[in-house]
Amino acid sequence: MRPLTVIGNWKMNGSLASNADWVRIVCRGMEQGMPAGRKYAVCVPAPYLSQCGQLIQDCSLAFLSLGAQDVSAYAAGAYTGEVAASMLKELGCHYVIVGHSERRQHHHEADEQIAEKALQVLDNDMTPVICVGESADERNSGREVEIVRGQISRQIAVLQDRLADCLIAYEPIWAIGTGKVASAQMTQDMHRAIRLQLAEFDEDVASHVGILYGGSVKPDNAVELFAMPDIDGGLIGGASLNPQDFLAICQA
Ligand code: 13P
């Protein structure tokens with residue numbers, strides 16, 4: 001049975017003061033009781049990992065895990081500005097997002113490099129959240145499944161059965177930050193296609209891997225999305241910045 005997993009992605013937002021308020025409100029909310037058998041995490045900008053890790057540790061009930069938004073594809077060395085997976089592990093991270101469409105777009109990250117990043121995360125006993133998804137043009141020309149299958153097959157080529165320890169996040173680019181959420185059925189269909197592709201590789205991997213949906217998830221659409229059989233949770237951008245909305249999505 002795959003647990004429902006809800007992960008916030010703050011992207012490049014936050015401040016020392018607002019982070020402290022956010023963690024306090026979310027921890028207090030979670031202490032009132034959360035649905036059993038679920039996992040929750042928040043991926044914060046790298047400079048705030050230490051602060052947020054400490055704040056989360058100070059919560060009396062540690063429901064929430066810490067995550068990072070990116071990682072180097074290399075273990076250590078002359079890579080100015082990069083952050084190694086071992087460093088994220090030391091700061092208490094459990095999850096690391098890799099291959100977010102904003103990194104594919106602005107930093108020209110390719111699938112092979114993304115898979116190398118996922119390997120670094122796995123080698124340091126954390127869970128990679130591997131993002132895939134099509135653009136508006138790709139969907140409008142009916143190529144969405146082909147595009148996502150290509151992204152997944154390049155992950156399978158490198159990761160092989162270590163994919164069983166990853167999460168996949170399906171984030172259609174046209175739904176990110178636009179308020180245009182993919183319908184629950186449209187999302188379920190893509191998640192099903194991903195699951196079937198994983199099963200072509202290995203049935204066991206397919207049944208283990210959680211497939212999250214990301215793209216304009218809000219408290220009012222989360223219930224319908226999370227009720228779908230192949231949607232195992234969400235990767236939440238904008239709505240995760242508001243602690244009350246994030247809590248509401250975690251409870252959906
Ligand atoms: P939004 O929830 O703001 O659409 O962002 C989704 C996302 O990119 C999460 O990684």
# chains A, B, ... in the order shown; residues from 1 in each chain; ligands from 1
call {"tool": "residues_around", "arguments": {"residues": "range 239-250 of chain A", "least_positions_apart": "3", "cutoff": "7 Å", "atoms": "only C-alpha atoms", "output": "PyMOL selection string"}}
result
chain A and resi 6+8-10+22+25-26+29+218-219+222+236
call {"tool": "write_last_selection", "arguments": {"atoms": "N, CA and C atoms", "output": "compact mmCIF listing (two decimals), in the first residue's frame"}}
result
# COMPACT_ATOMS: atom_id res chain seq x y z
N VAL A 6 2.23 14.30 0.85
CA VAL A 6 2.01 15.69 0.45
C VAL A 6 3.29 16.47 0.73
N GLY A 8 5.30 20.15 0.17
CA GLY A 8 5.27 21.56 -0.24
C GLY A 8 6.58 21.92 -0.92
N ASN A 9 6.49 22.74 -1.96
CA ASN A 9 7.69 23.26 -2.63
C ASN A 9 7.58 24.78 -2.60
N TRP A 10 8.36 25.39 -1.70
CA TRP A 10 8.28 26.85 -1.55
C TRP A 10 8.89 27.58 -2.74
N TRP A 22 5.51 30.11 9.62
CA TRP A 22 4.93 28.99 8.85
C TRP A 22 5.08 27.68 9.63
N ILE A 25 2.83 27.54 12.73
CA ILE A 25 1.40 27.34 12.43
C ILE A 25 1.14 25.90 11.95
N VAL A 26 2.01 25.40 11.07
CA VAL A 26 1.79 24.05 10.53
C VAL A 26 1.97 23.00 11.63
N GLY A 29 -1.00 23.06 13.89
CA GLY A 29 -2.14 22.45 13.19
C GLY A 29 -2.02 20.93 13.16
N LYS A 218 -4.91 22.99 -4.80
CA LYS A 218 -5.45 23.91 -3.79
C LYS A 218 -6.31 23.10 -2.82
N PRO A 219 -6.66 23.69 -1.67
CA PRO A 219 -7.51 22.94 -0.75
C PRO A 219 -8.81 22.45 -1.42
N ALA A 222 -7.94 19.32 -3.95
CA ALA A 222 -7.08 18.22 -3.48
C ALA A 222 -7.88 16.96 -3.18
N ILE A 236 3.11 20.56 -3.94
CA ILE A 236 2.30 21.78 -3.86
C ILE A 236 3.21 23.01 -3.91
call {"tool": "residues_around", "arguments": {"residues": "Pro45 in chain A", "least_positions_apart": "5", "cutoff": "7 Å", "atoms": "only C-alpha atoms", "output": "list in words"}}
result
Lys11, Met12, Ala68 and Gln69 of chain A
call {"tool": "write_last_selection", "arguments": {"atoms": "all heavy atoms", "output": "compact mmCIF listing (two decimals), in the first residue's frame"}}
result
# COMPACT_ATOMS: atom_id res chain seq x y z
N LYS A 11 9.66 26.86 -3.57
CA LYS A 11 10.43 27.51 -4.63
C LYS A 11 11.29 28.62 -4.00
O LYS A 11 11.73 28.46 -2.87
CB LYS A 11 9.49 28.01 -5.74
CG LYS A 11 8.53 26.89 -6.20
CD LYS A 11 7.81 27.18 -7.46
CE LYS A 11 6.95 25.96 -7.82
NZ LYS A 11 6.27 26.11 -9.09
N MET A 12 11.49 29.74 -4.71
CA MET A 12 12.40 30.75 -4.15
C MET A 12 11.61 31.80 -3.37
O MET A 12 11.53 32.97 -3.74
CB MET A 12 13.22 31.41 -5.27
CG MET A 12 14.47 32.11 -4.74
SD MET A 12 15.55 32.71 -6.06
CE MET A 12 14.60 34.05 -6.73
N ALA A 68 14.75 19.30 0.16
CA ALA A 68 15.45 20.32 -0.62
C ALA A 68 14.88 20.34 -2.04
O ALA A 68 14.18 19.43 -2.45
CB ALA A 68 16.95 20.01 -0.64
N GLN A 69 15.21 21.41 -2.77
CA GLN A 69 14.59 21.61 -4.08
C GLN A 69 15.48 21.20 -5.26
O GLN A 69 15.04 21.20 -6.40
CB GLN A 69 14.22 23.09 -4.24
CG GLN A 69 13.20 23.56 -3.22
CD GLN A 69 12.94 25.04 -3.29
OE1 GLN A 69 13.42 25.73 -4.19
NE2 GLN A 69 12.19 25.55 -2.33
call {"tool": "residues_near_ligand", "arguments": {"ligand": "ligand 1", "cutoff": "8 Å", "atoms": "only C-alpha atoms and all ligand atoms", "output": "PDB file with C-alpha atoms, in the first residue's frame"}}
result
ATOM      1  CA  GLY A   8       5.270  21.560  -0.236  1.00  0.00           C
ATOM      2  CA  ASN A   9       7.687  23.260  -2.629  1.00  0.00           C
ATOM      3  CA  LYS A  11      10.425  27.512  -4.634  1.00  0.00           C
ATOM      4  CA  HIS A 100      11.616  20.298 -11.651  1.00  0.00           C
ATOM      5  CA  SER A 101      10.386  21.861 -14.916  1.00  0.00           C
ATOM      6  CA  GLU A 102      11.681  25.250 -13.747  1.00  0.00           C
ATOM      7  CA  GLU A 171       3.653  18.185 -13.106  1.00  0.00           C
ATOM      8  CA  ILE A 173       3.973  22.588 -17.139  1.00  0.00           C
ATOM      9  CA  ALA A 175      -0.782  23.721 -14.847  1.00  0.00           C
ATOM     10  CA  ILE A 176       2.128  25.071 -12.760  1.00  0.00           C
ATOM     11  CA  GLY A 177       1.377  28.401 -11.133  1.00  0.00           C
ATOM     12  CA  THR A 178      -1.371  29.115 -13.679  1.00  0.00           C
ATOM     13  CA  GLY A 179      -4.461  28.169 -11.694  1.00  0.00           C
ATOM     14  CA  VAL A 181      -5.447  22.457 -12.740  1.00  0.00           C
ATOM     15  CA  GLY A 214       1.702  18.909  -8.993  1.00  0.00           C
ATOM     16  CA  GLY A 215       0.140  21.915 -10.688  1.00  0.00           C
ATOM     17  CA  SER A 216      -2.220  24.396  -9.043  1.00  0.00           C
ATOM     18  CA  VAL A 217      -3.276  21.993  -6.262  1.00  0.00           C
ATOM     19  CA  LYS A 218      -5.446  23.911  -3.789  1.00  0.00           C
ATOM     20  CA  LEU A 235       3.667  18.397  -4.844  1.00  0.00           C
ATOM     21  CA  ILE A 236       2.303  21.782  -3.860  1.00  0.00           C
ATOM     22  CA  GLY A 237       3.808  25.074  -5.018  1.00  0.00           C
ATOM     23  CA  GLY A 238       1.925  28.337  -4.472  1.00  0.00           C
ATOM     24  CA  ALA A 239      -0.622  26.965  -2.006  1.00  0.00           C
ATOM     25  CA  SER A 240       2.154  25.595   0.241  1.00  0.00           C
TER      26      SER A 240
END
call {"tool": "residues_around", "arguments": {"residues": "Lys117 in chain A", "least_positions_apart": "4", "cutoff": "8 Å", "atoms": "only C-alpha atoms", "output": "MDAnalysis selection string"}}
result
chainID A and resid 71:74 98 113 121
call {"tool": "atom_distance", "arguments": {"atom1": "CA of Arg143 in chain A", "atom2": "CA of Asp165 in chain A"}}
result
28.0 Å
call {"tool": "atom_distance", "arguments": {"atom1": "CA of Asp111 in chain A", "atom2": "CA of Pro128 in chain A"}}
result
13.7 Å
call {"tool": "closest_residue", "arguments": {"among": "A:Asp125, A:Ile152, A:Val44, A:Arg28", "to": "Leu196 in chain A", "atoms": "only C-alpha atoms"}}
result
A:Ile152
call {"tool": "select_by_dssp", "arguments": {"residues": "range 39-233 of chain A", "states": "strand (DSSP E or B)", "output": "MDAnalysis selection string"}}
result
chainID A and resid 39:43 64:68 93:98 127:132 167:170 210:213 233
call {"tool": "closest_residue", "arguments": {"among": "A:Cys52, A:Ala115, A:Ile194, A:Cys59", "to": "Ile147 in chain A", "atoms": "only C-alpha atoms"}}
result
A:Ile194
call {"tool": "atom_distance", "arguments": {"atom1": "CA of Asp137 in chain A", "atom2": "CA of Arg103 in chain A"}}
result
18.7 Å
call {"tool": "closest_residue", "arguments": {"among": "A:Pro35, A:Pro229, A:Gly81, A:Gly234", "to": "Gln251 in chain A", "atoms": "only C-alpha atoms"}}
result
A:Pro35
call {"tool": "residues_around", "arguments": {"residues": "range 207-210 of chain A", "least_positions_apart": "6", "cutoff": "7 Å", "atoms": "only C-alpha atoms", "output": "PyMOL selection string"}}
result
chain A and resi 2+164-168+232
call {"tool": "write_last_selection", "arguments": {"atoms": "N, CA, C and O atoms", "output": "PDB file, in the first residue's frame"}}
result
ATOM      1  N   ARG A   2       0.652   2.125  -0.942  1.00  0.00           N
ATOM      2  CA  ARG A   2       1.470   3.350  -1.009  1.00  0.00           C
ATOM      3  C   ARG A   2       0.850   4.426  -0.138  1.00  0.00           C
ATOM      4  O   ARG A   2      -0.349   4.720  -0.273  1.00  0.00           O
ATOM      5  N   ALA A 164      12.440   2.038  -7.436  1.00  0.00           N
ATOM      6  CA  ALA A 164      11.456   1.636  -6.420  1.00  0.00           C
ATOM      7  C   ALA A 164      11.517   2.533  -5.185  1.00  0.00           C
ATOM      8  O   ALA A 164      10.537   2.652  -4.445  1.00  0.00           O
ATOM      9  N   ASP A 165      12.669   3.165  -4.947  1.00  0.00           N
ATOM     10  CA  ASP A 165      12.839   4.014  -3.756  1.00  0.00           C
ATOM     11  C   ASP A 165      12.670   5.501  -4.080  1.00  0.00           C
ATOM     12  O   ASP A 165      13.064   6.353  -3.273  1.00  0.00           O
ATOM     13  N   CYS A 166      12.136   5.794  -5.243  1.00  0.00           N
ATOM     14  CA  CYS A 166      11.924   7.198  -5.646  1.00  0.00           C
ATOM     15  C   CYS A 166      10.437   7.527  -5.604  1.00  0.00           C
ATOM     16  O   CYS A 166       9.586   6.639  -5.580  1.00  0.00           O
ATOM     17  N   LEU A 167      10.145   8.803  -5.611  1.00  0.00           N
ATOM     18  CA  LEU A 167       8.794   9.273  -5.903  1.00  0.00           C
ATOM     19  C   LEU A 167       8.849   9.929  -7.275  1.00  0.00           C
ATOM     20  O   LEU A 167       9.868  10.531  -7.637  1.00  0.00           O
ATOM     21  N   ILE A 168       7.767   9.816  -8.019  1.00  0.00           N
ATOM     22  CA  ILE A 168       7.647  10.541  -9.292  1.00  0.00           C
ATOM     23  C   ILE A 168       6.591  11.621  -9.096  1.00  0.00           C
ATOM     24  O   ILE A 168       5.562  11.375  -8.452  1.00  0.00           O
ATOM     25  N   ASP A 232      -0.989   9.411  -5.726  1.00  0.00           N
ATOM     26  CA  ASP A 232      -0.528   9.047  -4.376  1.00  0.00           C
ATOM     27  C   ASP A 232      -0.157  10.265  -3.545  1.00  0.00           C
ATOM     28  O   ASP A 232       0.589  10.144  -2.567  1.00  0.00           O
TER      29      ASP A 232
END
call {"tool": "select_by_dssp", "arguments": {"residues": "range 121-171 of chain A", "states": "helix (DSSP H, G or I)", "output": "number ranges by chain"}}
result
A: 121-123, 136-140, 144-165
call {"tool": "residues_around", "arguments": {"residues": "Ala36 in chain A", "least_positions_apart": "3", "cutoff": "12 Å", "atoms": "only C-alpha atoms", "output": "PDB file with C-alpha atoms, in the first residue's frame"}}
result
ATOM      1  CA  PRO A   3       1.084   6.099   1.612  1.00  0.00           C
ATOM      2  CA  LEU A   4      -0.433   9.414   0.542  1.00  0.00           C
ATOM      3  CA  THR A   5       2.442  11.915   0.471  1.00  0.00           C
ATOM      4  CA  MET A  30      -0.623  18.987  12.771  1.00  0.00           C
ATOM      5  CA  GLY A  33      -4.376  15.425  14.681  1.00  0.00           C
ATOM      6  CA  LYS A  39       3.613  11.503   4.880  1.00  0.00           C
ATOM      7  CA  TYR A  40       4.203  15.254   4.819  1.00  0.00           C
ATOM      8  CA  PHE A  63       4.913  14.866  11.566  1.00  0.00           C
ATOM      9  CA  CYS A 250      -2.478  17.705   3.952  1.00  0.00           C
ATOM     10  CA  GLN A 251      -5.862  16.889   5.539  1.00  0.00           C
TER      11      GLN A 251
END
